[in-house]
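Just target.cif here, mmCIF, C-alpha atoms:
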data_upload
loop_
_atom_site.label_atom_id
_atom_site.label_comp_id
_atom_site.auth_asym_id
_atom_site.auth_seq_id
_atom_site.Cartn_x
_atom_site.Cartn_y
_atom_site.Cartn_z
CA MET A 1 14.78 -1.27 0.63
CA LYS A 2 11.44 0.09 1.80
CA GLU A 3 9.44 2.26 -0.59
CA LEU A 4 6.21 4.20 -0.17
CA ILE A 5 4.41 5.20 -3.36
CA LEU A 6 1.60 7.72 -2.93
CA GLY A 7 -0.80 9.23 -5.44
CA GLY A 8 -4.37 9.99 -6.25
CA VAL A 9 -6.85 7.71 -7.97
CA ARG A 10 -5.52 6.64 -11.40
CA SER A 11 -2.28 8.55 -10.83
CA GLY A 12 -0.07 5.65 -11.91
CA LYS A 13 1.03 4.56 -8.44
CA SER A 14 0.21 0.84 -8.87
CA ARG A 15 1.84 0.72 -12.30
CA LEU A 16 4.97 2.36 -10.85
CA ALA A 17 5.03 -0.16 -8.00
CA GLU A 18 4.78 -3.00 -10.51
CA GLN A 19 7.62 -1.52 -12.58
CA ARG A 20 9.77 -1.13 -9.44
CA ALA A 21 9.05 -4.75 -8.46
CA LEU A 22 10.06 -6.01 -11.91
CA ALA A 23 13.21 -3.87 -11.84
CA SER A 24 14.22 -5.35 -8.48
CA GLY A 25 15.06 -8.66 -10.14
CA LEU A 26 13.67 -10.46 -7.09
CA HIS A 27 10.85 -12.98 -6.73
CA VAL A 28 7.67 -10.91 -6.32
CA THR A 29 4.76 -11.47 -3.97
CA TYR A 30 1.81 -9.16 -4.47
CA ILE A 31 -0.25 -8.54 -1.33
CA ALA A 32 -3.72 -7.33 -2.26
CA THR A 33 -5.83 -5.68 0.43
CA ALA A 34 -8.96 -5.10 -1.66
CA THR A 35 -12.17 -7.04 -1.19
CA THR A 36 -14.80 -7.48 -3.89
CA GLY A 37 -17.75 -5.62 -2.46
CA ASP A 38 -19.50 -4.91 -5.77
CA GLU A 39 -19.21 -5.44 -9.52
CA GLU A 40 -17.28 -2.23 -10.15
CA MET A 41 -14.64 -3.19 -7.55
CA ARG A 42 -14.44 -6.70 -8.98
CA GLN A 43 -13.65 -5.18 -12.37
CA ARG A 44 -10.97 -2.90 -10.89
CA ILE A 45 -9.34 -5.91 -9.23
CA GLN A 46 -9.47 -7.85 -12.50
CA VAL A 47 -7.68 -5.04 -14.37
CA HIS A 48 -4.87 -5.17 -11.80
CA GLN A 49 -4.68 -8.97 -11.99
CA LEU A 50 -4.46 -9.01 -15.78
CA ARG A 51 -1.66 -6.45 -15.76
CA ARG A 52 0.58 -8.40 -13.35
CA PRO A 53 3.04 -11.06 -14.53
CA SER A 54 1.68 -14.59 -14.11
CA GLY A 55 4.76 -15.69 -12.15
CA TRP A 56 4.05 -13.36 -9.26
CA LYS A 57 2.65 -14.94 -6.13
CA LEU A 58 -0.61 -13.40 -4.87
CA ILE A 59 -1.76 -13.11 -1.26
CA GLU A 60 -5.10 -11.53 -0.47
CA GLU A 61 -5.12 -10.05 3.03
CA PRO A 62 -7.55 -7.27 4.00
CA HIS A 63 -6.62 -7.03 7.71
CA ALA A 64 -3.49 -8.73 9.13
CA LEU A 65 -0.93 -6.98 6.93
CA ALA A 66 2.00 -7.01 9.36
CA ALA A 67 1.66 -10.75 9.94
CA VAL A 68 1.67 -11.45 6.19
CA LEU A 69 4.69 -9.20 5.64
CA GLU A 70 6.59 -10.90 8.46
CA ALA A 71 5.71 -14.35 7.12
CA HIS A 72 6.78 -13.65 3.52
CA ALA A 73 9.59 -11.07 3.63
CA GLN A 74 12.91 -12.59 2.60
CA PRO A 75 16.19 -11.10 1.33
CA ASP A 76 15.53 -12.46 -2.18
CA ARG A 77 11.90 -11.31 -2.35
CA CYS A 78 10.05 -8.16 -3.30
CA LEU A 79 6.68 -7.64 -1.60
CA VAL A 80 4.20 -5.20 -3.13
CA VAL A 81 1.34 -4.07 -0.89
CA ASP A 82 -1.54 -2.54 -2.84
CA CYS A 83 -3.03 -0.66 -1.22
CA LEU A 84 -2.77 0.75 2.28
CA THR A 85 -5.85 2.97 2.06
CA LEU A 86 -8.03 -0.04 1.21
CA TRP A 87 -6.44 -1.84 4.17
CA LEU A 88 -7.20 1.18 6.36
CA THR A 89 -10.80 1.26 5.10
CA ASN A 90 -11.25 -2.45 5.83
CA LEU A 91 -10.05 -1.97 9.39
CA LEU A 92 -12.05 1.21 10.06
CA ILE A 93 -15.34 -0.34 8.95
CA ASP A 94 -14.70 -3.59 10.82
CA ASN A 95 -15.96 -3.34 14.43
CA ASN A 96 -15.91 0.48 14.29
CA GLY A 97 -12.16 0.43 13.73
CA ALA A 98 -11.39 -1.27 17.04
CA GLY A 99 -8.51 -3.30 15.59
CA TYR A 100 -6.93 -0.55 13.51
CA ALA A 101 -4.60 0.81 16.21
CA ILE A 102 -3.27 -2.69 16.88
CA GLN A 103 -2.72 -3.47 13.19
CA ARG A 104 -1.15 -0.05 12.53
CA GLU A 105 1.30 -0.47 15.41
CA ALA A 106 2.14 -4.00 14.24
CA LEU A 107 2.92 -2.68 10.74
CA LEU A 108 5.03 0.23 11.98
CA THR A 109 6.93 -2.07 14.37
CA ALA A 110 7.57 -4.82 11.81
CA LEU A 111 8.48 -2.74 8.75
CA PRO A 112 11.98 -1.57 9.76
CA HIS A 113 13.08 -5.15 10.47
CA LEU A 114 11.77 -6.83 7.32
CA PRO A 115 14.34 -8.15 4.84
CA GLY A 116 14.05 -7.76 1.09
CA HIS A 117 12.39 -5.06 -0.97
CA ILE A 118 9.04 -3.82 0.34
CA ILE A 119 6.88 -1.53 -1.84
CA LEU A 120 3.85 0.05 -0.18
CA VAL A 121 1.17 1.72 -2.34
CA SER A 122 -1.37 4.16 -0.92
CA ASN A 123 -3.79 6.88 -1.97
CA GLU A 124 -2.89 10.41 -0.98
CA THR A 125 -6.22 11.77 0.24
CA GLY A 126 -5.08 14.89 2.04
CA LEU A 127 -4.95 17.21 -0.95
CA GLY A 128 -8.63 18.06 -1.14
CA VAL A 129 -11.36 19.59 0.94
CA VAL A 130 -12.24 18.32 4.40
CA PRO A 131 -14.85 15.60 3.81
CA LEU A 132 -18.30 15.52 5.36
CA GLY A 133 -19.03 12.83 7.92
CA GLU A 134 -17.15 11.56 10.93
CA LEU A 135 -15.94 8.31 9.35
CA THR A 136 -14.55 9.98 6.22
CA ARG A 137 -12.79 12.64 8.27
CA ARG A 138 -11.30 9.93 10.49
CA PHE A 139 -10.21 8.01 7.39
CA CYS A 140 -8.39 11.06 5.98
CA ASP A 141 -6.77 11.82 9.34
CA GLU A 142 -5.64 8.22 9.87
CA ALA A 143 -4.34 7.94 6.29
CA GLY A 144 -2.33 11.14 6.71
CA TRP A 145 -0.83 10.03 10.02
CA LEU A 146 -0.07 6.57 8.61
CA HIS A 147 1.66 8.07 5.57
CA GLN A 148 3.77 10.36 7.75
CA ALA A 149 4.87 7.45 9.94
CA LEU A 150 5.65 5.21 6.98
CA ALA A 151 7.52 7.97 5.14
CA GLY A 152 9.80 8.22 8.16
CA LEU A 153 10.56 4.49 7.95
CA CYS A 154 11.03 4.18 4.19
CA GLU A 155 14.22 4.89 2.26
CA ARG A 156 12.28 6.14 -0.77
CA VAL A 157 8.96 8.00 -0.92
CA THR A 158 7.43 8.80 -4.30
CA LEU A 159 4.37 10.84 -5.19
CA THR A 160 2.78 10.00 -8.55
CA VAL A 161 0.83 12.63 -10.46
CA ALA A 162 -0.49 12.07 -14.00
CA GLY A 163 1.67 8.96 -14.28
CA LEU A 164 4.84 10.86 -13.39
CA PRO A 165 6.90 9.87 -10.33
CA LEU A 166 8.08 12.73 -8.11
CA ILE A 167 10.72 11.57 -5.63
CA LEU A 168 10.05 13.12 -2.22
CA LYS A 169 12.70 11.17 -0.34
CA GLY A 170 15.60 8.99 -1.39
CA GLU A 171 17.53 8.35 -4.57
CA SER A 172 16.00 9.10 -7.95
CA LEU A 173 14.59 6.26 -10.03
#
Is it possible to give me this structure as structure tokens?
Amino acid sequence: MKELILGGVRSGKSRLAEQRALASGLHVTYIATATTGDEEMRQRIQVHQLRRPSGWKLIEEPHALAAVLEAHAQPDRCLVVDCLTLWLTNLLIDNNGAGYAIQREALLTALPHLPGHIILVSNETGLGVVPLGELTRRFCDEAGWLHQALAGLCERVTLTVAGLPLILKGESL
């Protein structure tokens, strides 16, 4: 089962992903893409860490997501990736985004063949105004294209709003 959970900031998407992982009954590996760039981000990461069960394995990977998924996906495992937009940001600011196309293609190629339950979490950024600045516009464009491609590969796609899951594709929760 491949799931994509989208939502705005503080929409409940990470909490939903954690609930889905627990409900799977499988061993859970949490793949965190965030990096601690400042104190505020460190605190956000800590809130997520404290909320997760202690028995979950943690892998921190800001760039090579497909390789980590391929290395850890197993039929008896649930992998939670939180979050794709932080991963996208990491790749776009690294070497002017030179490696993003390679990493994106690796993810889209690997995902359909991965065993187990894969839950991908990402911020839906395309609901607002067009941002100022070339990099932020590229980020929104790339996030939108990535979400469209992943939605085509996933059996379930959920949009979270105000903590409520709205199933866009697949069976209800």
If you apply the PyMOL selection byres ((chain A and resi 98-115) around 6) to this file, what residues do you get, as a list in words? Ala66, Ala73, Gln74, Pro75, Leu91, Asn95, Asn96, Gly97 and Gly116 of chain A
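The space separating atom CA of A:Cys154 from atom CA of A:Ser122 comes to 13.4 Å.
On the file presented, the PyMOL selection byres ((chain A and resi 140) around 12) picks out A:Thr85, A:Leu88, A:Thr89, A:Leu92, A:Asn123, A:Glu124, A:Thr125, A:Gly126, A:Leu127, A:Gly128, A:Val129, A:Val130, A:Pro131, A:Leu132, A:Gly133, A:Glu134, A:Leu135, A:Thr136, A:Arg137, A:Arg138, A:Phe139, A:Asp141, A:Glu142, A:Ala143, A:Gly144, A:Trp145, A:Leu146, A:His147.
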Limited to C-alpha atoms, could you put the picked residues into a file as a PDB file, in the frame of the given file?
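So the final result, stored in out-v3.pdb, reads:
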ATOM      1  CA  THR A  85      -5.850   2.970   2.060  1.00  0.00           C
ATOM      2  CA  LEU A  88      -7.200   1.180   6.360  1.00  0.00           C
ATOM      3  CA  THR A  89     -10.800   1.260   5.100  1.00  0.00           C
ATOM      4  CA  LEU A  92     -12.050   1.210  10.060  1.00  0.00           C
ATOM      5  CA  ASN A 123      -3.790   6.880  -1.970  1.00  0.00           C
ATOM      6  CA  GLU A 124      -2.890  10.410  -0.980  1.00  0.00           C
ATOM      7  CA  THR A 125      -6.220  11.770   0.240  1.00  0.00           C
ATOM      8  CA  GLY A 126      -5.080  14.890   2.040  1.00  0.00           C
ATOM      9  CA  LEU A 127      -4.950  17.210  -0.950  1.00  0.00           C
ATOM     10  CA  GLY A 128      -8.630  18.060  -1.140  1.00  0.00           C
ATOM     11  CA  VAL A 129     -11.360  19.590   0.940  1.00  0.00           C
ATOM     12  CA  VAL A 130     -12.240  18.320   4.400  1.00  0.00           C
ATOM     13  CA  PRO A 131     -14.850  15.600   3.810  1.00  0.00           C
ATOM     14  CA  LEU A 132     -18.300  15.520   5.360  1.00  0.00           C
ATOM     15  CA  GLY A 133     -19.030  12.830   7.920  1.00  0.00           C
ATOM     16  CA  GLU A 134     -17.150  11.560  10.930  1.00  0.00           C
ATOM     17  CA  LEU A 135     -15.940   8.310   9.350  1.00  0.00           C
ATOM     18  CA  THR A 136     -14.550   9.980   6.220  1.00  0.00           C
ATOM     19  CA  ARG A 137     -12.790  12.640   8.270  1.00  0.00           C
ATOM     20  CA  ARG A 138     -11.300   9.930  10.490  1.00  0.00           C
ATOM     21  CA  PHE A 139     -10.210   8.010   7.390  1.00  0.00           C
ATOM     22  CA  ASP A 141      -6.770  11.820   9.340  1.00  0.00           C
ATOM     23  CA  GLU A 142      -5.640   8.220   9.870  1.00  0.00           C
ATOM     24  CA  ALA A 143      -4.340   7.940   6.290  1.00  0.00           C
ATOM     25  CA  GLY A 144      -2.330  11.140   6.710  1.00  0.00           C
ATOM     26  CA  TRP A 145      -0.830  10.030  10.020  1.00  0.00           C
ATOM     27  CA  LEU A 146      -0.070   6.570   8.610  1.00  0.00           C
ATOM     28  CA  HIS A 147       1.660   8.070   5.570  1.00  0.00           C
TER      29      HIS A 147
END
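The result of the PyMOL selection byres ((chain A and resi 118) around 7) on the shown file is Met1, Lys2, Glu3, Cys78, Leu79, Val80, Gly116, His117, Ile119 and Leu120 of chain A.
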Please write the residues from the selection above to a file, keeping C-alpha atoms, as a PDB file, in the frame of the given file.
ATOM      1  CA  MET A   1      14.780  -1.270   0.630  1.00  0.00           C
ATOM      2  CA  LYS A   2      11.440   0.090   1.800  1.00  0.00           C
ATOM      3  CA  GLU A   3       9.440   2.260  -0.590  1.00  0.00           C
ATOM      4  CA  CYS A  78      10.050  -8.160  -3.300  1.00  0.00           C
ATOM      5  CA  LEU A  79       6.680  -7.640  -1.600  1.00  0.00           C
ATOM      6  CA  VAL A  80       4.200  -5.200  -3.130  1.00  0.00           C
ATOM      7  CA  GLY A 116      14.050  -7.760   1.090  1.00  0.00           C
ATOM      8  CA  HIS A 117      12.390  -5.060  -0.970  1.00  0.00           C
ATOM      9  CA  ILE A 119       6.880  -1.530  -1.840  1.00  0.00           C
ATOM     10  CA  LEU A 120       3.850   0.050  -0.180  1.00  0.00           C
TER      11      LEU A 120
END
A:Arg156, A:Lys13, A:Arg52, A:Arg20 ranked by distance to A:Cys83, top pick (using only C-alpha atoms): A:Lys13
Rounded to one decimal place, report the atom CA of A:Ser172-atom CA of A:Leu50 distance in Å. 28.4 Å
In Å and to one decimal, atom CA of A:Val157 is distant from atom CA of A:Glu171 by 9.3 Å
Counting all atoms listed in the file, which of A:Ile167, A:Leu4, A:Ile31, A:Leu84 gets nearest to A:Ala71? A:Ile31
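For the choices A:Gly7, A:Pro165, A:Gly170, A:Gly25, the atom-to-atom distance to A:Arg77 is smallest for A:Gly25 when using all atoms listed in the file.
Closest approach to A:Thr29 from the set A:Gly152, A:Trp56, A:Leu69, A:Asp76 is made by A:Trp56, with distances taken over only C-alpha atoms.
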A:Leu159 proximity check over A:Asp38, A:Ala64, A:Ser14, A:Ala23, using all atoms listed in the file: winner is A:Ser14
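For the set A:Glu70, A:Glu18, A:Asp94, A:Glu40, the residue with the smallest atom-to-atom gap to A:Asp82 is A:Glu18, counting only C-alpha atoms.
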